2 protein chains.
Amino acid sequence: MNIKILIEYDGTGYHGWQRQKNALSIQEVLEDAISSITRETIKIIGAGRTDAKVHAIGQVANFRSNTKIPIEKLPYAINSRLPNDIAVKDAKIVPEDFHAQFSAKSKIYIYRIYNAPFPSPLLRNYTYFFPLALNISAILKALPFFIGTHDFAAFMASGSDVKSTVRKIERLEIHKRQNMDLLEFKIQANGFLYNMVRIIVGTLVEVGLGKIEPEEIKSIIKSKRRENAGRTLPPQGLCLREVIY
Amino acid sequence: MNIKILIEYDGTGYHGWQRQKNALSIQEVLEDAISSITRETIKIIGAGRTDAKVHAIGQVANFRSNTKIPIEKLPYAINSRLPNDIAVKDAKIVPEDFHAQFSAKSKIYIYRIYNAPFPSPLLRNYTYFFPLALNISAILKALPFFIGTHDFAAFMASGSDVKSTVRKIERLEIHKRQNMDLLEFKIQANGFLYNMVRIIVGTLVEVGLGKIEPEEIKSIIKSKRRENAGRTLPPQGLCLREVIY
């Protein structure tokens, strides 16, 4: 049968989602934990390949198994073999053709900036610390230019190899948490290019600094040139919030 | 001169605030950092001696120094010598008789419970994970019995040695964070006995489970017997929020 799981993880101690030689990945730790309880060789497919230090509250994955463990007990069984920085929060039997990556309609990522004069030890692994003042109303003006179907080649790490760089951004919001100097960017799209969220938010930070005018976003997208967009922000501010099917 | 500093720290990697042999403390790391920039032997006095794994957003300390570094530059200078799980967020010159511990009028602590069916990897070091359902309205009924000046001997770790176990609780609130399964207890008092917050919240959890009736809090306080109160909750849910002078 085909099993879909919902996963939360703290990416701080991992070299990202994808299994690789000589570096610990979330995928490897999950596959080993599930294999050890089902006594099968488990191969899991993740919805999104998060990078090193990137977190997930709502990562989704699927795998094939003939386990006799009741599906509602499965998260407890898997968690008993996982370190406490990874947890399975749900498991469901899904149709054979469900594929965590290809069946996904859209994904929601959150990028968090701690915008205060001094760094926050408690938020250091979950935010990007940026002490300079940002013009939030300029950022708000820039957001709508990203919405819709565009060629986002300018917002992809150079050297990436994909067939198409066209994606549809369905939502892009900024929330300021009260009393907390915390800027939360929420971005939903039908797919993401490599480093796309981190480059988009990096570009919005330059809008907030007055280095890029909100209206310039249009021409940056049009240019399709990576060097016209802002810099790639560090990974620890990024979190995969939800995968929509 | 007498210098007051405001400190945030992630207590996960430390054996508490107080300097001790053979174990790393916040106090030791701070004293070493300040000493290295002022080139004096610095002795700091903290407002509250937080335990191992307990955090602080608003710890206050004071120390004597003849440093020539301008006071507004001092936090940046100290932070440059601190690991990223400790940060100084403010520094002020205060009157000679200011004492971070004895001058404090009251302190505010937060205790956070993650009350959901599955553990949260992202909150694991900053909350106590408790999966059973809690009756919040019963807890709300119990809160007022703690308010005021009482002998809190029943809510002190046994074996503690203090002159008086009378303290005044000025505020005790519970906040449920929306969409987050997060219960936040906020407690303000003119002083705290050893493990007092962790035992009070542990007792409130038993109220939430129906094992203790809200009205029983009165007789538990009156009894002055530790065994009548609930258990001591683990340290990582606790955070020193603010010290009021």
# chains A, B, ... in the order shown; residues from 1 in each chain; ligands from 1
>>> residues_around(residues="Ile7 of chain A", least_positions_apart="2", cutoff="8 Å", atoms="only C-alpha atoms", output="PyMOL selection string")
chain A and resi 5+9+56-61+86-90
>>> write_last_selection(atoms="all heavy atoms", output="CSV table (one decimal), in the first residue's frame")
chain,number,residue,atom,x,y,z
A,5,ILE,N,2.7,10.5,4.8
A,5,ILE,CA,2.9,11.0,6.2
A,5,ILE,C,3.2,12.5,6.2
A,5,ILE,O,3.6,13.1,5.2
A,5,ILE,CB,4.1,10.3,6.8
A,5,ILE,CG1,5.4,10.3,5.9
A,5,ILE,CG2,3.8,8.8,7.1
A,5,ILE,CD1,6.6,9.8,6.6
A,9,TYR,N,10.1,19.0,11.1
A,9,TYR,CA,11.5,18.8,11.6
A,9,TYR,C,12.2,20.1,11.8
A,9,TYR,O,11.9,21.1,11.2
A,9,TYR,CB,12.3,17.9,10.6
A,9,TYR,CG,12.2,18.2,9.1
A,9,TYR,CD1,13.0,19.2,8.6
A,9,TYR,CD2,11.4,17.5,8.3
A,9,TYR,CE1,13.0,19.5,7.2
A,9,TYR,CE2,11.4,17.7,6.9
A,9,TYR,CZ,12.2,18.7,6.4
A,9,TYR,OH,12.1,19.0,5.1
A,56,ALA,N,10.7,22.3,8.5
A,56,ALA,CA,9.4,22.0,8.0
A,56,ALA,C,8.4,21.8,9.1
A,56,ALA,O,8.7,21.1,10.1
A,56,ALA,CB,9.5,20.8,7.1
A,57,ILE,N,7.2,22.4,9.0
A,57,ILE,CA,6.1,22.1,9.9
A,57,ILE,C,5.2,21.2,9.2
A,57,ILE,O,4.5,20.3,9.8
A,57,ILE,CB,5.4,23.4,10.3
A,57,ILE,CG1,6.3,24.2,11.2
A,57,ILE,CG2,4.1,23.1,11.0
A,57,ILE,CD1,5.6,25.5,11.8
A,58,GLY,N,5.1,21.3,7.9
A,58,GLY,CA,4.2,20.5,7.1
A,58,GLY,C,4.8,19.8,5.9
A,58,GLY,O,4.2,19.8,4.8
A,59,GLN,N,5.9,19.2,6.0
A,59,GLN,CA,6.5,18.4,4.9
A,59,GLN,C,5.6,17.2,4.7
A,59,GLN,O,5.0,16.6,5.7
A,59,GLN,CB,7.9,17.9,5.3
A,59,GLN,CG,8.6,17.0,4.3
A,59,GLN,CD,9.0,17.6,3.0
A,59,GLN,OE1,8.1,17.8,2.1
A,59,GLN,NE2,10.3,17.8,2.8
A,60,VAL,N,5.4,16.7,3.5
A,60,VAL,CA,4.7,15.5,3.2
A,60,VAL,C,5.5,14.6,2.4
A,60,VAL,O,6.4,15.0,1.6
A,60,VAL,CB,3.4,15.9,2.4
A,60,VAL,CG1,2.6,14.6,2.0
A,60,VAL,CG2,2.5,16.8,3.2
A,61,ALA,N,5.4,13.3,2.7
A,61,ALA,CA,6.1,12.3,2.0
A,61,ALA,C,5.3,11.0,1.8
A,61,ALA,O,4.2,10.9,2.5
A,61,ALA,CB,7.4,11.9,2.8
A,86,ILE,N,12.9,15.4,14.6
A,86,ILE,CA,12.1,15.0,13.5
A,86,ILE,C,10.9,14.3,14.1
A,86,ILE,O,11.0,13.4,15.0
A,86,ILE,CB,12.8,14.0,12.5
A,86,ILE,CG1,14.1,14.6,12.0
A,86,ILE,CG2,11.8,13.6,11.4
A,86,ILE,CD1,14.8,13.7,11.0
A,87,ALA,N,9.6,14.6,13.6
A,87,ALA,CA,8.5,13.9,14.1
A,87,ALA,C,7.4,13.7,13.0
A,87,ALA,O,7.2,14.6,12.2
A,87,ALA,CB,7.8,14.6,15.3
A,88,VAL,N,6.8,12.5,13.0
A,88,VAL,CA,5.7,12.2,12.1
A,88,VAL,C,4.4,12.6,12.9
A,88,VAL,O,4.2,12.1,14.0
A,88,VAL,CB,5.7,10.8,11.7
A,88,VAL,CG1,4.5,10.4,10.9
A,88,VAL,CG2,7.0,10.5,10.8
A,89,LYS,N,3.5,13.4,12.2
A,89,LYS,CA,2.4,13.9,12.9
A,89,LYS,C,1.1,13.3,12.4
A,89,LYS,O,0.0,13.5,13.0
A,89,LYS,CB,2.3,15.4,12.8
A,89,LYS,CG,3.6,16.1,13.4
A,89,LYS,CD,3.4,17.6,13.6
A,89,LYS,CE,3.4,18.3,12.2
A,89,LYS,NZ,3.3,19.8,12.4
A,90,ASP,N,1.2,12.5,11.3
A,90,ASP,CA,0.0,11.9,10.7
A,90,ASP,C,0.4,10.9,9.7
A,90,ASP,O,1.5,11.0,9.1
A,90,ASP,CB,-0.9,13.0,10.0
A,90,ASP,CG,-2.3,12.5,9.7
A,90,ASP,OD1,-2.8,11.5,10.4
A,90,ASP,OD2,-2.9,13.0,8.8
>>> closest_atom_pairs(of="chain A", to="chain B", cutoff="10 Å", atoms="only C-alpha atoms", output="JSON lines")
{"residue": "A:Ile7", "atom": "CA", "partner": "B:Pro121", "partner_atom": "CA", "distance": 9.6}
{"residue": "A:Glu8", "atom": "CA", "partner": "B:Pro121", "partner_atom": "CA", "distance": 6.4}
{"residue": "A:Tyr9", "atom": "CA", "partner": "B:Pro121", "partner_atom": "CA", "distance": 5.4}
{"residue": "A:Asp10", "atom": "CA", "partner": "B:Leu122", "partner_atom": "CA", "distance": 5.2}
{"residue": "A:Gly11", "atom": "CA", "partner": "B:Leu122", "partner_atom": "CA", "distance": 8.9}
{"residue": "A:Thr12", "atom": "CA", "partner": "B:Leu122", "partner_atom": "CA", "distance": 9.8}
{"residue": "A:His55", "atom": "CA", "partner": "B:Leu122", "partner_atom": "CA", "distance": 8.1}
{"residue": "A:Ala56", "atom": "CA", "partner": "B:Leu122", "partner_atom": "CA", "distance": 8.5}
{"residue": "A:Ile57", "atom": "CA", "partner": "B:Leu122", "partner_atom": "CA", "distance": 7.9}
{"residue": "A:Pro75", "atom": "CA", "partner": "B:Phe118", "partner_atom": "CA", "distance": 8.5}
{"residue": "A:Tyr76", "atom": "CA", "partner": "B:Phe118", "partner_atom": "CA", "distance": 8.2}
{"residue": "A:Asn79", "atom": "CA", "partner": "B:Phe118", "partner_atom": "CA", "distance": 8.9}
{"residue": "A:Pro83", "atom": "CA", "partner": "B:Pro121", "partner_atom": "CA", "distance": 9.0}
{"residue": "A:Asn84", "atom": "CA", "partner": "B:Pro121", "partner_atom": "CA", "distance": 5.9}
{"residue": "A:Asp85", "atom": "CA", "partner": "B:Pro121", "partner_atom": "CA", "distance": 4.4}
{"residue": "A:Ile86", "atom": "CA", "partner": "B:Pro121", "partner_atom": "CA", "distance": 5.6}
{"residue": "A:Ala87", "atom": "CA", "partner": "B:Pro121", "partner_atom": "CA", "distance": 6.3}
{"residue": "A:Val88", "atom": "CA", "partner": "B:Phe118", "partner_atom": "CA", "distance": 7.7}
{"residue": "A:Lys89", "atom": "CA", "partner": "B:Phe118", "partner_atom": "CA", "distance": 5.7}
{"residue": "A:Asp90", "atom": "CA", "partner": "B:Phe118", "partner_atom": "CA", "distance": 8.7}
{"residue": "A:Ala116", "atom": "CA", "partner": "B:Lys89", "partner_atom": "CA", "distance": 9.8}
{"residue": "A:Pro117", "atom": "CA", "partner": "B:Lys89", "partner_atom": "CA", "distance": 8.0}
{"residue": "A:Phe118", "atom": "CA", "partner": "B:Lys89", "partner_atom": "CA", "distance": 5.7}
{"residue": "A:Pro119", "atom": "CA", "partner": "B:Ala87", "partner_atom": "CA", "distance": 6.7}
{"residue": "A:Ser120", "atom": "CA", "partner": "B:Ala87", "partner_atom": "CA", "distance": 6.9}
{"residue": "A:Pro121", "atom": "CA", "partner": "B:Asp85", "partner_atom": "CA", "distance": 4.4}
{"residue": "A:Leu122", "atom": "CA", "partner": "B:Asp10", "partner_atom": "CA", "distance": 5.2}
{"residue": "A:Leu123", "atom": "CA", "partner": "B:Asp10", "partner_atom": "CA", "distance": 8.8}
{"residue": "A:Arg124", "atom": "CA", "partner": "B:Asn84", "partner_atom": "CA", "distance": 7.4}
{"residue": "A:Asn125", "atom": "CA", "partner": "B:Asp85", "partner_atom": "CA", "distance": 9.6}
{"residue": "A:Tyr126", "atom": "CA", "partner": "B:Leu122", "partner_atom": "CA", "distance": 8.6}
>>> select_by_dssp(residues="segment 29-216 of chain B", states="alpha helix (DSSP H)", output="number ranges by chain")
B: 29-38, 74-79, 136-142, 196-208, 216
>>> closest_residue(among="A:Lys68, A:Lys105, A:Lys218, A:Lys211", to="Gly230 of chain A", atoms="only C-alpha atoms")
A:Lys211
>>> atom_distance(atom1="atom CA of Asp97 of chain B", atom2="atom CA of Ile3 of chain B")
10.9 Å
>>> closest_residue(among="A:Glu173, A:Asp51, A:Glu184, A:Glu213", to="Met196 of chain A", atoms="only C-alpha atoms")
A:Asp51
>>> select_by_dssp(residues="segment 180-230 of chain B", states="strand (DSSP E or B)", output="list in words")
Leu182, Leu183, Glu184, Phe185, Lys186, Ile187, Gln188 and Ala189 of chain B
>>> residues_around(residues="His150 of chain A", least_positions_apart="2", cutoff="8 Å", atoms="only C-alpha atoms", output="ChimeraX atom specification")
/A:146,148,152,166-168,221
